[in-house]
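Content type mmCIF, N, CA and C atoms, from the file upload06.cif:
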data_coords
loop_
_atom_site.group_PDB
_atom_site.id
_atom_site.type_symbol
_atom_site.label_atom_id
_atom_site.label_comp_id
_atom_site.auth_asym_id
_atom_site.auth_seq_id
_atom_site.Cartn_x
_atom_site.Cartn_y
_atom_site.Cartn_z
ATOM 1 N N MET A 1141 116.980 140.761 84.853
ATOM 2 C CA MET A 1141 115.549 140.802 85.040
ATOM 3 C C MET A 1141 115.034 139.502 85.662
ATOM 4 N N SER A 1142 115.515 138.370 85.167
ATOM 5 C CA SER A 1142 115.045 137.095 85.704
ATOM 6 C C SER A 1142 115.507 136.892 87.143
ATOM 7 N N GLY A 1143 116.674 137.453 87.492
ATOM 8 C CA GLY A 1143 117.152 137.363 88.871
ATOM 9 C C GLY A 1143 116.233 138.084 89.826
ATOM 10 N N MET A 1144 115.732 139.238 89.408
ATOM 11 C CA MET A 1144 114.796 139.983 90.242
ATOM 12 C C MET A 1144 113.481 139.221 90.399
ATOM 13 N N GLU A 1145 113.056 138.581 89.340
ATOM 14 C CA GLU A 1145 111.820 137.792 89.375
ATOM 15 C C GLU A 1145 111.958 136.625 90.352
ATOM 16 N N ARG A 1146 113.084 135.923 90.300
ATOM 17 C CA ARG A 1146 113.320 134.802 91.223
ATOM 18 C C ARG A 1146 113.327 135.283 92.665
ATOM 19 N N GLU A 1147 114.000 136.408 92.900
ATOM 20 C CA GLU A 1147 114.069 136.958 94.254
ATOM 21 C C GLU A 1147 112.672 137.338 94.761
ATOM 22 N N TYR A 1148 111.866 137.916 93.890
ATOM 23 C CA TYR A 1148 110.498 138.283 94.254
ATOM 24 C C TYR A 1148 109.682 137.035 94.613
ATOM 25 N N ILE A 1149 109.800 135.998 93.818
ATOM 26 C CA ILE A 1149 109.074 134.749 94.085
ATOM 27 C C ILE A 1149 109.534 134.140 95.399
ATOM 28 N N ARG A 1150 110.849 134.135 95.627
ATOM 29 C CA ARG A 1150 111.393 133.572 96.869
ATOM 30 C C ARG A 1150 110.861 134.336 98.085
ATOM 31 N N ASP A 1151 110.857 135.662 98.010
ATOM 32 C CA ASP A 1151 110.362 136.470 99.116
ATOM 33 C C ASP A 1151 108.887 136.201 99.383
ATOM 34 N N ARG A 1152 108.089 136.128 98.341
ATOM 35 C CA ARG A 1152 106.650 135.864 98.500
ATOM 36 C C ARG A 1152 106.416 134.464 99.097
ATOM 37 N N THR A 1153 107.231 133.497 98.688
ATOM 38 C CA THR A 1153 107.105 132.138 99.227
ATOM 39 C C THR A 1153 107.420 132.130 100.708
ATOM 40 N N ARG A 1154 108.498 132.796 101.108
ATOM 41 C CA ARG A 1154 108.856 132.855 102.530
ATOM 42 C C ARG A 1154 107.771 133.554 103.348
ATOM 43 N N GLU A 1155 107.211 134.625 102.812
ATOM 44 C CA GLU A 1155 106.130 135.316 103.508
ATOM 45 C C GLU A 1155 104.922 134.389 103.687
ATOM 46 N N GLY A 1156 104.590 133.631 102.659
ATOM 47 C CA GLY A 1156 103.478 132.695 102.742
ATOM 48 C C GLY A 1156 103.725 131.606 103.769
ATOM 49 N N GLN A 1157 104.952 131.080 103.814
ATOM 50 C CA GLN A 1157 105.280 130.045 104.788
ATOM 51 C C GLN A 1157 105.213 130.594 106.208
ATOM 52 N N GLU A 1158 105.724 131.803 106.402
ATOM 53 C CA GLU A 1158 105.684 132.413 107.727
ATOM 54 C C GLU A 1158 104.241 132.652 108.168
ATOM 55 N N SER A 1159 103.410 133.114 107.247
ATOM 56 C CA SER A 1159 102.001 133.325 107.545
ATOM 57 C C SER A 1159 101.315 132.012 107.919
ATOM 58 N N ALA A 1160 101.646 130.948 107.206
ATOM 59 C CA ALA A 1160 101.061 129.630 107.495
ATOM 60 C C ALA A 1160 101.492 129.136 108.866
ATOM 61 N N ARG A 1161 102.758 129.333 109.212
ATOM 62 C CA ARG A 1161 103.240 128.905 110.525
ATOM 63 C C ARG A 1161 102.506 129.644 111.637
ATOM 64 N N LYS A 1162 102.286 130.943 111.430
ATOM 65 C CA LYS A 1162 101.569 131.735 112.435
ATOM 66 C C LYS A 1162 100.147 131.227 112.619
ATOM 67 N N ARG A 1163 99.558 130.697 111.571
ATOM 68 C CA ARG A 1163 98.204 130.143 111.658
ATOM 69 C C ARG A 1163 98.206 128.707 112.184
ATOM 70 N N GLY A 1164 99.396 128.165 112.476
ATOM 71 C CA GLY A 1164 99.487 126.829 113.038
ATOM 72 C C GLY A 1164 99.605 125.718 112.012
ATOM 73 N N LYS A 1165 99.868 126.057 110.775
ATOM 74 C CA LYS A 1165 100.010 125.053 109.722
ATOM 75 C C LYS A 1165 101.416 124.471 109.753
ATOM 76 N N SER A 1166 101.513 123.235 109.370
ATOM 77 C CA SER A 1166 102.796 122.548 109.314
ATOM 78 C C SER A 1166 103.399 122.710 107.920
ATOM 79 N N ILE A 1167 104.682 123.021 107.878
ATOM 80 C CA ILE A 1167 105.385 123.168 106.611
ATOM 81 C C ILE A 1167 106.236 121.917 106.398
ATOM 82 N N GLY A 1168 106.184 121.356 105.216
ATOM 83 C CA GLY A 1168 106.977 120.170 104.911
ATOM 84 C C GLY A 1168 106.158 118.900 105.018
ATOM 85 N N GLY A 1169 106.807 117.793 104.776
ATOM 86 C CA GLY A 1169 106.136 116.509 104.808
ATOM 87 C C GLY A 1169 105.986 115.973 106.214
ATOM 88 N N PRO A 1170 105.311 114.844 106.343
ATOM 89 C CA PRO A 1170 105.133 114.257 107.669
ATOM 90 C C PRO A 1170 106.464 113.740 108.222
ATOM 91 N N GLY A 1171 106.593 113.763 109.527
ATOM 92 C CA GLY A 1171 107.810 113.292 110.164
ATOM 93 C C GLY A 1171 107.966 111.784 110.058
ATOM 94 N N VAL A 1172 109.187 111.337 110.014
ATOM 95 C CA VAL A 1172 109.437 109.902 109.899
ATOM 96 C C VAL A 1172 110.091 109.340 111.154
ATOM 97 N N THR A 1173 110.393 110.200 112.121
ATOM 98 C CA THR A 1173 111.059 109.730 113.328
ATOM 99 C C THR A 1173 110.034 109.488 114.430
ATOM 100 N N ASP A 1174 110.398 108.633 115.372
ATOM 101 C CA ASP A 1174 109.551 108.375 116.527
ATOM 102 C C ASP A 1174 110.447 108.156 117.742
ATOM 103 N N GLU A 1175 109.833 107.938 118.884
ATOM 104 C CA GLU A 1175 110.590 107.801 120.130
ATOM 105 C C GLU A 1175 111.502 106.573 120.121
ATOM 106 N N ASP A 1176 111.044 105.466 119.527
ATOM 107 C CA ASP A 1176 111.879 104.264 119.462
ATOM 108 C C ASP A 1176 113.131 104.521 118.630
ATOM 109 N N MET A 1177 112.950 105.230 117.517
ATOM 110 C CA MET A 1177 114.079 105.549 116.653
ATOM 111 C C MET A 1177 115.057 106.470 117.388
ATOM 112 N N LEU A 1178 114.521 107.432 118.142
ATOM 113 C CA LEU A 1178 115.371 108.346 118.901
ATOM 114 C C LEU A 1178 116.168 107.604 119.959
ATOM 115 N N SER A 1179 115.528 106.706 120.694
ATOM 116 C CA SER A 1179 116.240 105.979 121.752
ATOM 117 C C SER A 1179 117.337 105.090 121.167
ATOM 118 N N MET A 1180 117.071 104.468 120.015
ATOM 119 C CA MET A 1180 118.099 103.656 119.368
ATOM 120 C C MET A 1180 119.251 104.532 118.885
ATOM 121 N N ALA A 1181 118.926 105.698 118.309
ATOM 122 C CA ALA A 1181 119.966 106.611 117.831
ATOM 123 C C ALA A 1181 120.814 107.117 118.997
ATOM 124 N N LEU A 1182 120.185 107.427 120.120
ATOM 125 C CA LEU A 1182 120.942 107.871 121.294
ATOM 126 C C LEU A 1182 121.864 106.773 121.799
ATOM 127 N N HIS A 1183 121.365 105.541 121.810
ATOM 128 C CA HIS A 1183 122.190 104.407 122.241
ATOM 129 C C HIS A 1183 123.405 104.236 121.322
ATOM 130 N N LEU A 1184 123.166 104.315 120.014
ATOM 131 C CA LEU A 1184 124.269 104.165 119.065
ATOM 132 C C LEU A 1184 125.245 105.330 119.153
ATOM 133 N N ARG A 1185 124.735 106.543 119.395
ATOM 134 C CA ARG A 1185 125.631 107.694 119.533
ATOM 135 C C ARG A 1185 126.511 107.532 120.762
ATOM 136 N N ASP A 1186 125.959 106.981 121.853
ATOM 137 C CA ASP A 1186 126.750 106.743 123.064
ATOM 138 C C ASP A 1186 127.882 105.758 122.806
ATOM 139 N N GLN A 1187 127.701 104.887 121.827
ATOM 140 C CA GLN A 1187 128.745 103.936 121.449
ATOM 141 C C GLN A 1187 129.699 104.529 120.408
ATOM 142 N N GLU A 1188 129.575 105.850 120.165
ATOM 143 C CA GLU A 1188 130.420 106.589 119.222
ATOM 144 C C GLU A 1188 130.306 106.075 117.790
ATOM 145 N N THR A 1189 129.098 105.707 117.394
ATOM 146 C CA THR A 1189 128.814 105.287 116.027
ATOM 147 C C THR A 1189 128.619 106.538 115.169
ATOM 148 N N SER A 1190 129.100 106.495 113.923
ATOM 149 C CA SER A 1190 128.968 107.654 113.041
ATOM 150 C C SER A 1190 127.511 107.868 112.640
ATOM 151 N N LEU A 1191 127.195 109.090 112.198
ATOM 152 C CA LEU A 1191 125.827 109.393 111.775
ATOM 153 C C LEU A 1191 125.393 108.515 110.616
ATOM 154 N N ARG A 1192 126.287 108.282 109.675
ATOM 155 C CA ARG A 1192 125.941 107.427 108.531
ATOM 156 C C ARG A 1192 125.614 106.013 108.972
ATOM 157 N N ASP A 1193 126.406 105.490 109.898
ATOM 158 C CA ASP A 1193 126.152 104.123 110.378
ATOM 159 C C ASP A 1193 124.865 104.059 111.200
ATOM 160 N N ILE A 1194 124.594 105.116 111.979
ATOM 161 C CA ILE A 1194 123.342 105.156 112.729
ATOM 162 C C ILE A 1194 122.171 105.135 111.755
ATOM 163 N N ALA A 1195 122.238 105.960 110.707
ATOM 164 C CA ALA A 1195 121.159 106.033 109.723
ATOM 165 C C ALA A 1195 120.950 104.684 109.028
ATOM 166 N N LYS A 1196 122.034 103.969 108.756
ATOM 167 C CA LYS A 1196 121.918 102.662 108.099
ATOM 168 C C LYS A 1196 121.250 101.632 108.996
ATOM 169 N N ARG A 1197 121.375 101.790 110.317
ATOM 170 C CA ARG A 1197 120.807 100.802 111.237
ATOM 171 C C ARG A 1197 119.370 101.101 111.636
ATOM 172 N N LEU A 1198 118.925 102.346 111.421
ATOM 173 C CA LEU A 1198 117.554 102.715 111.751
ATOM 174 C C LEU A 1198 116.638 102.435 110.568
ATOM 175 N N VAL A 1199 115.379 102.132 110.849
ATOM 176 C CA VAL A 1199 114.392 101.852 109.805
ATOM 177 C C VAL A 1199 113.125 102.649 110.100
ATOM 178 N N ILE A 1200 112.599 103.304 109.073
ATOM 179 C CA ILE A 1200 111.359 104.060 109.200
ATOM 180 C C ILE A 1200 110.206 103.065 109.281
ATOM 181 N N THR A 1201 109.323 103.245 110.278
ATOM 182 C CA THR A 1201 108.282 102.244 110.530
ATOM 183 C C THR A 1201 106.896 102.625 110.028
ATOM 184 N N THR A 1202 106.691 103.891 109.646
ATOM 185 C CA THR A 1202 105.363 104.307 109.201
ATOM 186 C C THR A 1202 105.459 105.195 107.970
ATOM 187 N N GLY A 1203 104.327 105.372 107.301
ATOM 188 C CA GLY A 1203 104.243 106.314 106.192
ATOM 189 C C GLY A 1203 104.711 105.741 104.866
ATOM 190 N N ALA A 1204 104.842 106.630 103.898
ATOM 191 C CA ALA A 1204 105.205 106.234 102.543
ATOM 192 C C ALA A 1204 106.638 105.697 102.460
ATOM 193 N N LYS A 1205 107.481 106.073 103.401
ATOM 194 C CA LYS A 1205 108.878 105.636 103.387
ATOM 195 C C LYS A 1205 109.130 104.447 104.311
ATOM 196 N N LYS A 1206 108.076 103.762 104.687
ATOM 197 C CA LYS A 1206 108.182 102.609 105.580
ATOM 198 C C LYS A 1206 109.172 101.597 105.013
ATOM 199 N N GLY A 1207 110.078 101.122 105.885
ATOM 200 C CA GLY A 1207 111.067 100.134 105.482
ATOM 201 C C GLY A 1207 112.362 100.741 104.975
ATOM 202 N N GLN A 1208 112.386 102.050 104.731
ATOM 203 C CA GLN A 1208 113.607 102.704 104.275
ATOM 204 C C GLN A 1208 114.385 103.233 105.470
ATOM 205 N N HIS A 1209 115.600 103.666 105.203
ATOM 206 C CA HIS A 1209 116.450 104.232 106.239
ATOM 207 C C HIS A 1209 116.357 105.756 106.190
ATOM 208 N N PRO A 1210 116.392 106.418 107.352
ATOM 209 C CA PRO A 1210 116.407 107.883 107.338
ATOM 210 C C PRO A 1210 117.770 108.370 106.842
ATOM 211 N N SER A 1211 117.824 109.583 106.363
ATOM 212 C CA SER A 1211 119.093 110.147 105.910
ATOM 213 C C SER A 1211 119.931 110.535 107.127
ATOM 214 N N PRO A 1212 121.252 110.625 106.948
ATOM 215 C CA PRO A 1212 122.094 111.098 108.054
ATOM 216 C C PRO A 1212 121.677 112.490 108.534
ATOM 217 N N ALA A 1213 121.185 113.350 107.624
ATOM 218 C CA ALA A 1213 120.730 114.682 108.021
ATOM 219 C C ALA A 1213 119.522 114.589 108.948
ATOM 220 N N THR A 1214 118.620 113.653 108.687
ATOM 221 C CA THR A 1214 117.455 113.458 109.545
ATOM 222 C C THR A 1214 117.888 112.983 110.925
ATOM 223 N N VAL A 1215 118.855 112.080 110.959
ATOM 224 C CA VAL A 1215 119.361 111.576 112.237
ATOM 225 C C VAL A 1215 120.023 112.713 113.017
ATOM 226 N N MET A 1216 120.825 113.522 112.326
ATOM 227 C CA MET A 1216 121.505 114.636 112.979
ATOM 228 C C MET A 1216 120.485 115.635 113.532
ATOM 229 N N ARG A 1217 119.446 115.950 112.765
ATOM 230 C CA ARG A 1217 118.421 116.885 113.207
ATOM 231 C C ARG A 1217 117.667 116.322 114.411
ATOM 232 N N MET A 1218 117.335 115.037 114.373
ATOM 233 C CA MET A 1218 116.620 114.390 115.467
ATOM 234 C C MET A 1218 117.446 114.457 116.759
ATOM 235 N N LEU A 1219 118.735 114.164 116.673
ATOM 236 C CA LEU A 1219 119.603 114.191 117.846
ATOM 237 C C LEU A 1219 119.814 115.616 118.346
ATOM 238 N N ARG A 1220 119.965 116.577 117.423
ATOM 239 C CA ARG A 1220 120.156 117.978 117.809
ATOM 240 C C ARG A 1220 118.915 118.499 118.533
ATOM 241 N N GLU A 1221 117.721 118.198 118.007
ATOM 242 C CA GLU A 1221 116.489 118.639 118.658
ATOM 243 C C GLU A 1221 116.347 118.029 120.043
ATOM 244 N N HIS A 1222 116.746 116.776 120.187
ATOM 245 C CA HIS A 1222 116.708 116.122 121.504
ATOM 246 C C HIS A 1222 117.651 116.824 122.466
ATOM 247 N N ASP A 1223 118.870 117.121 122.010
ATOM 248 C CA ASP A 1223 119.846 117.798 122.855
ATOM 249 C C ASP A 1223 119.368 119.192 123.255
ATOM 250 N N GLU A 1224 118.725 119.901 122.333
ATOM 251 C CA GLU A 1224 118.210 121.237 122.641
ATOM 252 C C GLU A 1224 117.089 121.168 123.667
ATOM 253 N N ARG A 1225 116.193 120.181 123.523
ATOM 254 C CA ARG A 1225 115.110 120.017 124.503
ATOM 255 C C ARG A 1225 115.679 119.670 125.875
ATOM 256 N N ALA A 1226 116.701 118.816 125.919
ATOM 257 C CA ALA A 1226 117.308 118.423 127.187
ATOM 258 C C ALA A 1226 118.007 119.611 127.839
ATOM 259 N N ALA A 1227 118.672 120.451 127.049
ATOM 260 C CA ALA A 1227 119.353 121.627 127.586
ATOM 261 C C ALA A 1227 118.342 122.628 128.130
ATOM 262 N N THR A 1228 117.226 122.796 127.445
ATOM 263 C CA THR A 1228 116.188 123.713 127.890
ATOM 264 C C THR A 1228 115.560 123.219 129.192
ATOM 265 N N ALA A 1229 115.325 121.932 129.275
ATOM 266 C CA ALA A 1229 114.721 121.354 130.471
ATOM 267 C C ALA A 1229 115.678 121.448 131.661
ATOM 268 N N ALA A 1230 116.977 121.286 131.406
ATOM 269 C CA ALA A 1230 117.962 121.346 132.480
ATOM 270 C C ALA A 1230 118.126 122.762 133.018
ATOM 271 N N SER A 1231 117.990 123.758 132.140
ATOM 272 C CA SER A 1231 118.169 125.143 132.577
ATOM 273 C C SER A 1231 116.909 125.717 133.220
ATOM 274 N N ALA A 1232 115.787 125.064 133.030
ATOM 275 C CA ALA A 1232 114.521 125.601 133.583
ATOM 276 C C ALA A 1232 114.295 125.172 135.006
#

I'd like the structure from this file rewritten - as structure tokens, please.
Amino acid sequence: MSGMEREYIRDRTREGQESARKRGKSIGGPGVTDEDMLSMALHLRDQETSLRDIAKRLVITTGAKKGQHPSPATVMRMLREHDERAATAASA
């Protein structure tokens, strides 16, 4: 019974998030990456630096996490999104 309840809540949450996105609302917290961070990450990736080492060398410059390092997952997502944008621009 509790499994069905959890599944129902999860489905309703996803529907609400999808509805919010359609209305132009942002889901999640504010972004911590910027263009300077991206350019530094790209430079370090060109030098074959690992994601963990890239994350340790980058510093968040704004917001509540100012002065902290982004997670390796954030660095990976930032680089992947950049690569996807570059691939889309190249094919257009």

Chain A: residues DSSP assigns to alpha helix (DSSP H), reported as a PyMOL selection string: chain A and resi 1142-1162+1175-1186+1191-1197+1212-1231

First collect every listed atom of segment 1158-1168 of chain A; then fit an axis-aligned box around them, widen it by 8 Å on each side, and give centre and edge lengths in Å to one decimal, as JSON.
{"center_x": 102.6, "center_y": 126.1, "center_z": 109.0, "size_x": 24.8, "size_y": 30.4, "size_z": 24.1}

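You can rank A:Leu1178, A:Ala1230, A:Ile1167, A:Met1141 by their closest distance to Arg1154 of chain A using only C-alpha atoms, and at the top of that list sits A:Ile1167.
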
Nearby residues (only C-alpha atoms) at most 12 Å from Ser1190 of chain A, same-chain spacing under 4 positions excluded, as a list of chain:residue names: A:Ala1181, A:Leu1182, A:His1183, A:Leu1184, A:Arg1185, A:Asp1186, A:Ile1194, A:Ala1195, A:Lys1196, A:Arg1197, A:Pro1212, A:Ala1213, A:Val1215, A:Met1216

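One finds atom N of Asp1174 of chain A at 14.0 Å from atom CA of Ala1204 of chain A.
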
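As for atom C of Leu1191 of chain A and atom C of Ala1227 of chain A, they are spaced 23.6 Å apart.
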
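The nearest approach to Met1177 of chain A among the residues A:Ala1232, A:Ile1149, A:Leu1219, A:Ala1226, with only C-alpha atoms taken into account, belongs to A:Leu1219.
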